[in-house]
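Below is one structure; the comments refer to it alone.
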Amino acid sequence: MKIATWNVNSLRVRLPQVLDWIAAEQPDILALQETKLEDKNFPVAEIEAAGYQAIYSGQKTYNGVAILSRTAAQDIVTDIPGLDDHQRRIIEATYGDIRVLNVYVPNGEAVGSDKYAYKLGWLEKLTAYVKEQLAAHPRLVLLGDFNIAPEPRDVHDPQLWENSVLCSGPERAAFRQLTGLGLCDTFRLFNQEESQFTWWDYRMAAFRRNMGLRIDHILASQELCGATTSCQIDKTPRKLERPSDHTLVIAVFGST
DNA sequence: ATGGTGGCGCGGCCA
């Protein structure tokens with residue numbers, strides 16, 4: 001089972017890149033964030049012509065998540081129970097015997113801002129929900145744009161970013177709360193290097209200078225953790241003309 | 001350098 005995540009920063013703009021990528025890589029599942037599309041405008045025909053099915057929860061201008069898949073989605077959820085949130089940030093479904101939860105965690109803007117408080121509250125609700133989901137679904141993948149660089153080695157300049165949004169203590173503590181439920185960071189099962197990033201600011205030629213952060217993640221439940229055969233960052237789409245500011249993470253899970 | 005770039009949508013917000 002090959003599962004990938006990609007914050008596309010507008011599916012309307014990035015659709016040709018998405019179609020090219022799935023044709024080349026043939027994933028079983030591709031989780032998308034920041035589709036920025038209302039559901040009535042989702043490019044269903046193009047996705048189906050490529051041999052994929054789609055589920056989606058979108059809104060105009062901001063946010064929006066989707067999952068493309070080879071097989072049909074079952075038991076679809078688009079809201080965290082008990083969280084009254086009009087922002088479209090989660091979509092979850094079962095594919096075969098794997099539960100997939102795709103998240104677009106709030107950015108948080110700046111430490112101490114209203115959006116930062118919203119982010120921490122949102123993560124608390126997510127964590128409680130993931131705990132429930134893990135109990136019900138031992139084979140769970142939680143993936144997406146977490147907007148958190150878990151450790152200093154996930155940041156191009158840890159001192160510059162220290163205590164900034166995406167790197168602050170409370171955000172990293174929230175990430176540890178999630179992994180503490182029994183989820184592994186699949187990328188770190190295989191790669192312990194510094195300077196392995198998934199997002200680079202559009203400004204200041206950040207990609208060319210590799211000034212990035214690792215904020216997109218694929219977390220797996222203990223049962224799947226042992227079945228993970230690879231997890232890699234695919235930087236090729238970030239090199240294209242008119243790229244998203246994020247690139248893909250791809251994990252492969254074998255049978256257990 | 002308190003900027004810079006990109007998406008949405010056409011002014012200002014968000015990342």
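Following the order of the structure tokens, chains are lettered A, B, ..., residues in each are numbered from 1, and ligands are numbered from 1.
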Show me, as a compact mmCIF listing (two decimals) with N, CA, C and O atoms, in the first residue's frame, the residues of chain A whose atoms get within 10 Å of chain B, using only C-alpha atoms (C1' of nucleotides) for the distance check.
```
# COMPACT_ATOMS: atom_id res chain seq x y z
N ASN A 9 -1.69 23.66 -2.42
CA ASN A 9 -1.91 25.12 -2.48
C ASN A 9 -2.67 25.51 -3.74
O ASN A 9 -2.14 26.20 -4.61
N SER A 10 -3.91 25.07 -3.81
CA SER A 10 -4.85 25.26 -4.93
C SER A 10 -4.82 24.07 -5.89
O SER A 10 -3.89 23.93 -6.69
N VAL A 13 -4.98 25.13 -9.69
CA VAL A 13 -3.69 25.45 -10.33
C VAL A 13 -2.83 24.21 -10.51
O VAL A 13 -2.16 24.04 -11.52
N LYS A 36 -8.57 24.43 -1.81
CA LYS A 36 -9.15 25.77 -2.06
C LYS A 36 -10.28 25.75 -3.07
O LYS A 36 -10.44 26.69 -3.86
N LYS A 60 -14.53 27.66 -0.33
CA LYS A 60 -13.99 28.66 -1.22
C LYS A 60 -12.72 29.29 -0.65
O LYS A 60 -12.65 29.54 0.55
N THR A 61 -11.73 29.51 -1.47
CA THR A 61 -10.55 30.34 -1.19
C THR A 61 -9.53 29.72 -0.24
O THR A 61 -8.33 29.81 -0.50
N TYR A 62 -10.00 29.11 0.87
CA TYR A 62 -9.07 28.63 1.89
C TYR A 62 -9.27 27.14 2.18
O TYR A 62 -10.35 26.58 1.93
N ASN A 63 -8.23 26.54 2.75
CA ASN A 63 -8.33 25.18 3.31
C ASN A 63 -8.80 24.17 2.25
O ASN A 63 -8.54 24.34 1.07
N ASN A 107 -2.26 26.84 10.50
CA ASN A 107 -0.89 27.38 10.43
C ASN A 107 -0.46 28.03 11.75
O ASN A 107 0.66 27.87 12.21
N GLY A 108 -1.36 28.82 12.35
CA GLY A 108 -1.06 29.43 13.63
C GLY A 108 -0.52 30.84 13.57
O GLY A 108 -0.40 31.50 14.62
N GLU A 109 -0.18 31.30 12.39
CA GLU A 109 0.26 32.67 12.12
C GLU A 109 1.47 33.14 12.91
O GLU A 109 2.54 33.37 12.36
N ASP A 201 9.44 28.28 1.74
CA ASP A 201 8.76 29.55 1.44
C ASP A 201 9.00 29.93 -0.02
O ASP A 201 10.07 29.68 -0.56
N TYR A 202 7.96 30.50 -0.64
CA TYR A 202 8.12 30.98 -2.02
C TYR A 202 9.14 32.11 -2.10
O TYR A 202 9.73 32.35 -3.16
N ARG A 203 9.33 32.81 -0.99
CA ARG A 203 10.16 34.02 -1.01
C ARG A 203 11.63 33.71 -0.81
O ARG A 203 12.00 32.68 -0.28
N MET A 204 12.45 34.65 -1.20
CA MET A 204 13.88 34.60 -0.90
C MET A 204 14.58 33.37 -1.49
O MET A 204 15.59 32.91 -0.96
N ALA A 205 14.05 32.86 -2.59
CA ALA A 205 14.66 31.69 -3.24
C ALA A 205 14.94 30.57 -2.23
O ALA A 205 15.98 29.91 -2.25
N ARG A 242 5.80 26.88 -11.58
CA ARG A 242 4.59 27.16 -10.79
C ARG A 242 4.27 26.02 -9.81
O ARG A 242 3.21 25.41 -9.86
N PRO A 243 5.21 25.75 -8.89
CA PRO A 243 5.00 24.64 -7.95
C PRO A 243 4.16 25.06 -6.74
O PRO A 243 4.01 26.26 -6.45
N SER A 244 3.66 24.06 -6.02
CA SER A 244 3.20 24.32 -4.66
C SER A 244 4.41 24.67 -3.80
O SER A 244 5.54 24.33 -4.16
N ASP A 245 4.18 25.32 -2.67
CA ASP A 245 5.32 25.58 -1.77
C ASP A 245 5.68 24.33 -0.95
O ASP A 245 6.75 24.28 -0.35
```
**Message:** Among range 10-252 of chain A, which residues does DSSP mark as strand (DSSP E) when it is run on the backbone? Keep the chain and numbering as in the structure and answer as a PyMOL selection string.
**Reply:** chain A and resi 29-33+53-57+65-69+74-77+90-95+98-104+140-145+183-185+199-200+212-213+216-221+228-234+248-252
Can I get the selection written as a PDB file, in the first residue's frame, with C-alpha atoms?
```pdb
ATOM      1  CA  ILE A  29      -3.819   6.754  -1.885  1.00  0.00           C
ATOM      2  CA  LEU A  30      -2.968  10.444  -2.265  1.00  0.00           C
ATOM      3  CA  ALA A  31      -4.056  12.830   0.507  1.00  0.00           C
ATOM      4  CA  LEU A  32      -4.327  16.472  -0.567  1.00  0.00           C
ATOM      5  CA  GLN A  33      -4.502  19.661   1.484  1.00  0.00           C
ATOM      6  CA  GLN A  53     -11.790   7.960  -7.030  1.00  0.00           C
ATOM      7  CA  ALA A  54     -12.017  11.044  -4.842  1.00  0.00           C
ATOM      8  CA  ILE A  55     -13.588  12.143  -1.611  1.00  0.00           C
ATOM      9  CA  TYR A  56     -13.343  15.787  -0.634  1.00  0.00           C
ATOM     10  CA  SER A  57     -14.367  18.425   1.846  1.00  0.00           C
ATOM     11  CA  VAL A  65      -8.853  18.465   1.909  1.00  0.00           C
ATOM     12  CA  ALA A  66      -9.331  15.441  -0.331  1.00  0.00           C
ATOM     13  CA  ILE A  67      -8.257  11.831  -0.717  1.00  0.00           C
ATOM     14  CA  LEU A  68      -7.671  10.231  -4.115  1.00  0.00           C
ATOM     15  CA  SER A  69      -7.663   6.441  -4.168  1.00  0.00           C
ATOM     16  CA  GLN A  74     -15.850   3.684   3.278  1.00  0.00           C
ATOM     17  CA  ASP A  75     -17.107   5.340   6.479  1.00  0.00           C
ATOM     18  CA  ILE A  76     -16.185   8.897   5.492  1.00  0.00           C
ATOM     19  CA  VAL A  77     -15.792  11.530   8.220  1.00  0.00           C
ATOM     20  CA  ILE A  90      -9.977  16.907   7.928  1.00  0.00           C
ATOM     21  CA  ILE A  91     -11.195  14.005   5.854  1.00  0.00           C
ATOM     22  CA  GLU A  92     -11.044  10.403   6.955  1.00  0.00           C
ATOM     23  CA  ALA A  93     -12.063   7.103   5.405  1.00  0.00           C
ATOM     24  CA  THR A  94     -11.352   3.377   5.394  1.00  0.00           C
ATOM     25  CA  TYR A  95      -9.637   1.725   2.435  1.00  0.00           C
ATOM     26  CA  ILE A  98      -6.571   0.722   6.708  1.00  0.00           C
ATOM     27  CA  ARG A  99      -8.132   3.814   8.256  1.00  0.00           C
ATOM     28  CA  VAL A 100      -6.714   7.005   6.708  1.00  0.00           C
ATOM     29  CA  LEU A 101      -7.049  10.376   8.452  1.00  0.00           C
ATOM     30  CA  ASN A 102      -5.931  13.334   6.329  1.00  0.00           C
ATOM     31  CA  VAL A 103      -5.381  16.614   8.192  1.00  0.00           C
ATOM     32  CA  TYR A 104      -4.578  20.221   7.358  1.00  0.00           C
ATOM     33  CA  LEU A 140      -4.476   3.793  11.198  1.00  0.00           C
ATOM     34  CA  VAL A 141      -2.481   6.281   9.117  1.00  0.00           C
ATOM     35  CA  LEU A 142      -2.590   9.936  10.183  1.00  0.00           C
ATOM     36  CA  LEU A 143      -1.039  12.142   7.514  1.00  0.00           C
ATOM     37  CA  GLY A 144      -1.051  15.606   6.072  1.00  0.00           C
ATOM     38  CA  ASP A 145       0.243  19.111   6.621  1.00  0.00           C
ATOM     39  CA  LEU A 183       1.978   6.588  16.302  1.00  0.00           C
ATOM     40  CA  CYS A 184       5.405   6.549  14.681  1.00  0.00           C
ATOM     41  CA  ASP A 185       6.821   9.215  12.383  1.00  0.00           C
ATOM     42  CA  TRP A 199       8.062  22.955   2.649  1.00  0.00           C
ATOM     43  CA  TRP A 200      10.038  25.950   1.434  1.00  0.00           C
ATOM     44  CA  GLY A 212      12.911  24.674   4.480  1.00  0.00           C
ATOM     45  CA  LEU A 213      11.048  22.878   7.228  1.00  0.00           C
ATOM     46  CA  ASP A 216       4.290  17.346   6.352  1.00  0.00           C
ATOM     47  CA  HIS A 217       4.170  13.934   7.964  1.00  0.00           C
ATOM     48  CA  ILE A 218       2.905  10.377   7.662  1.00  0.00           C
ATOM     49  CA  LEU A 219       2.281   8.871  11.089  1.00  0.00           C
ATOM     50  CA  ALA A 220       1.365   5.202  11.477  1.00  0.00           C
ATOM     51  CA  SER A 221      -0.172   3.165  14.274  1.00  0.00           C
ATOM     52  CA  THR A 228       6.390   0.235   6.874  1.00  0.00           C
ATOM     53  CA  THR A 229       8.861  -0.615   4.124  1.00  0.00           C
ATOM     54  CA  SER A 230       9.814   2.953   3.121  1.00  0.00           C
ATOM     55  CA  CYS A 231       9.073   6.616   3.643  1.00  0.00           C
ATOM     56  CA  GLN A 232      10.603   9.278   1.435  1.00  0.00           C
ATOM     57  CA  ILE A 233      10.243  12.916   0.490  1.00  0.00           C
ATOM     58  CA  ASP A 234       9.736  13.400  -3.261  1.00  0.00           C
ATOM     59  CA  LEU A 248       5.213  15.173  -1.242  1.00  0.00           C
ATOM     60  CA  VAL A 249       5.913  12.551   1.386  1.00  0.00           C
ATOM     61  CA  ILE A 250       5.372   8.921   0.323  1.00  0.00           C
ATOM     62  CA  ALA A 251       5.149   5.877   2.598  1.00  0.00           C
ATOM     63  CA  VAL A 252       4.822   2.235   1.617  1.00  0.00           C
TER      64      VAL A 252
END
```
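Close contacts of Leu166 in chain A, defined as residues with an atom at most 8 Å away when counting only C-alpha atoms (C1' of nucleotides), with chain neighbours fewer than 4 positions off set aside, comprise Asn107, Gly108, Asn147, Ile148, Ala149, Glu171 and Ile215 of chain A.
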Let me see the file: selected residues, all heavy atoms, as a short mmCIF file (atom, residue, chain, number, x, y, z; two decimals), in the first residue's frame.
```cif
data_model
loop_
_atom_site.label_atom_id
_atom_site.label_comp_id
_atom_site.auth_asym_id
_atom_site.auth_seq_id
_atom_site.Cartn_x
_atom_site.Cartn_y
_atom_site.Cartn_z
N ASN A 107 -2.26 26.84 10.50
CA ASN A 107 -0.89 27.38 10.43
C ASN A 107 -0.46 28.03 11.75
O ASN A 107 0.66 27.87 12.21
CB ASN A 107 -0.80 28.37 9.27
CG ASN A 107 0.50 29.13 9.24
OD1 ASN A 107 0.68 30.10 9.96
ND2 ASN A 107 1.42 28.67 8.42
N GLY A 108 -1.36 28.82 12.35
CA GLY A 108 -1.06 29.43 13.63
C GLY A 108 -0.52 30.84 13.57
O GLY A 108 -0.40 31.50 14.62
N ASN A 147 1.86 21.48 9.93
CA ASN A 147 2.35 22.81 10.28
C ASN A 147 3.15 22.81 11.58
O ASN A 147 3.10 23.77 12.37
CB ASN A 147 1.20 23.82 10.32
CG ASN A 147 0.97 24.50 8.96
OD1 ASN A 147 1.92 24.93 8.31
ND2 ASN A 147 -0.28 24.58 8.55
N ILE A 148 3.88 21.71 11.80
CA ILE A 148 4.79 21.60 12.95
C ILE A 148 6.07 20.89 12.49
O ILE A 148 5.99 19.80 11.91
CB ILE A 148 4.17 20.78 14.11
CG1 ILE A 148 2.86 21.41 14.61
CG2 ILE A 148 5.18 20.66 15.27
CD1 ILE A 148 2.11 20.55 15.62
N ALA A 149 7.20 21.52 12.77
CA ALA A 149 8.50 20.86 12.59
C ALA A 149 8.84 20.24 13.94
O ALA A 149 9.11 20.96 14.90
CB ALA A 149 9.56 21.87 12.17
N GLU A 171 3.60 23.75 20.37
CA GLU A 171 3.27 23.01 19.14
C GLU A 171 4.00 21.67 19.11
O GLU A 171 3.42 20.64 18.77
CB GLU A 171 3.66 23.83 17.90
CG GLU A 171 2.79 25.06 17.70
CD GLU A 171 3.40 26.03 16.69
OE1 GLU A 171 4.22 26.89 17.10
OE2 GLU A 171 3.09 25.92 15.51
N ILE A 215 7.39 19.75 7.75
CA ILE A 215 6.12 19.97 8.46
C ILE A 215 5.00 19.07 7.94
O ILE A 215 3.90 19.10 8.47
CB ILE A 215 5.67 21.44 8.38
CG1 ILE A 215 5.55 21.93 6.95
CG2 ILE A 215 6.63 22.32 9.18
CD1 ILE A 215 5.03 23.36 6.82
#
```
**Message:** Considering only helix (DSSP H, G or I) as DSSP defines it on the backbone, what residues of range 13-256 of chain A qualify? List them as JSON, numbers by chain.
**Reply:** {"A": [13, 14, 15, 16, 17, 18, 19, 20, 21, 22, 23, 24, 25, 39, 40, 41, 44, 45, 46, 47, 48, 49, 114, 115, 116, 117, 118, 119, 120, 121, 122, 123, 124, 125, 126, 127, 128, 129, 130, 131, 132, 133, 134, 135, 136, 152, 153, 154, 158, 159, 160, 161, 169, 170, 171, 172, 173, 174, 175, 176, 177, 178, 179, 186, 187, 188, 189, 203, 204, 205, 222, 223, 224, 225, 236, 237, 238, 239]}
Serialized selection, C-alpha atoms, as a compact mmCIF listing (two decimals), in the first residue's frame:
```
# COMPACT_ATOMS: atom_id res chain seq x y z
CA VAL A 13 -3.69 25.45 -10.33
CA ARG A 14 -1.91 22.21 -9.50
CA LEU A 15 -4.28 19.67 -11.12
CA PRO A 16 -1.97 19.01 -14.12
CA GLN A 17 0.91 18.32 -11.71
CA VAL A 18 -1.27 16.02 -9.60
CA LEU A 19 -2.42 14.07 -12.67
CA ASP A 20 1.16 13.75 -13.93
CA TRP A 21 2.36 12.64 -10.51
CA ILE A 22 -0.27 9.92 -9.99
CA ALA A 23 0.30 8.63 -13.53
CA ALA A 24 4.03 8.34 -12.83
CA GLU A 25 3.90 7.07 -9.24
CA ASP A 39 -17.11 20.68 -3.54
CA LYS A 40 -19.22 21.56 -6.58
CA ASN A 41 -16.02 22.58 -8.40
CA VAL A 44 -14.11 14.66 -10.42
CA ALA A 45 -14.05 13.85 -14.15
CA GLU A 46 -10.29 14.45 -14.53
CA ILE A 47 -9.52 12.36 -11.44
CA GLU A 48 -11.76 9.51 -12.60
CA ALA A 49 -10.25 9.61 -16.08
CA ASP A 114 -5.67 34.25 18.01
CA LYS A 115 -4.84 31.84 15.19
CA TYR A 116 -2.13 30.25 17.35
CA ALA A 117 -4.68 29.64 20.13
CA TYR A 118 -7.05 28.16 17.52
CA LYS A 119 -4.25 25.88 16.32
CA LEU A 120 -3.47 24.54 19.81
CA GLY A 121 -7.16 24.03 20.59
CA TRP A 122 -7.66 22.29 17.26
CA LEU A 123 -4.72 19.96 17.94
CA GLU A 124 -6.13 19.10 21.36
CA LYS A 125 -9.45 18.09 19.79
CA LEU A 126 -7.65 16.15 17.06
CA THR A 127 -5.59 14.25 19.63
CA ALA A 128 -8.68 13.18 21.57
CA TYR A 129 -10.30 12.05 18.32
CA VAL A 130 -7.21 10.14 17.14
CA LYS A 131 -7.10 8.34 20.48
CA GLU A 132 -10.67 7.14 19.86
CA GLN A 133 -9.93 6.21 16.28
CA LEU A 134 -6.86 4.19 17.27
CA ALA A 135 -8.95 2.17 19.69
CA ALA A 136 -11.47 1.43 16.93
CA PRO A 152 15.40 21.22 15.54
CA ARG A 153 16.86 18.89 12.89
CA ASP A 154 13.64 19.41 10.90
CA PRO A 158 16.93 26.03 14.26
CA GLN A 159 18.18 29.13 16.07
CA LEU A 160 16.38 31.50 13.70
CA TRP A 161 13.15 29.54 14.13
CA GLY A 169 7.39 24.39 22.49
CA PRO A 170 3.60 24.05 22.79
CA GLU A 171 3.27 23.01 19.14
CA ARG A 172 6.02 20.42 19.49
CA ALA A 173 4.44 19.20 22.73
CA ALA A 174 1.14 18.78 20.85
CA PHE A 175 2.95 16.75 18.19
CA ARG A 176 4.49 14.54 20.89
CA GLN A 177 1.03 14.06 22.42
CA LEU A 178 -0.11 12.68 19.08
CA THR A 179 2.84 10.34 18.59
CA THR A 186 7.42 6.88 9.44
CA PHE A 187 10.02 9.17 7.83
CA ARG A 188 12.27 8.88 10.87
CA LEU A 189 12.13 5.08 10.73
CA ARG A 203 10.16 34.02 -1.01
CA MET A 204 13.88 34.60 -0.90
CA ALA A 205 14.66 31.69 -3.24
CA GLN A 222 2.06 0.59 15.97
CA GLU A 223 0.67 -2.25 13.91
CA LEU A 224 1.41 -0.45 10.64
CA CYS A 225 4.67 0.98 11.90
CA THR A 236 10.60 16.58 -7.89
CA PRO A 237 7.27 18.47 -8.05
CA ARG A 238 8.80 21.38 -6.12
CA LYS A 239 11.24 21.87 -9.01
```
**Request:** Measure the distance from CA of Arg214 in chain A to CA of Val165 in chain A in Å and round it to one decimal.
**Result:** 13.3 Å
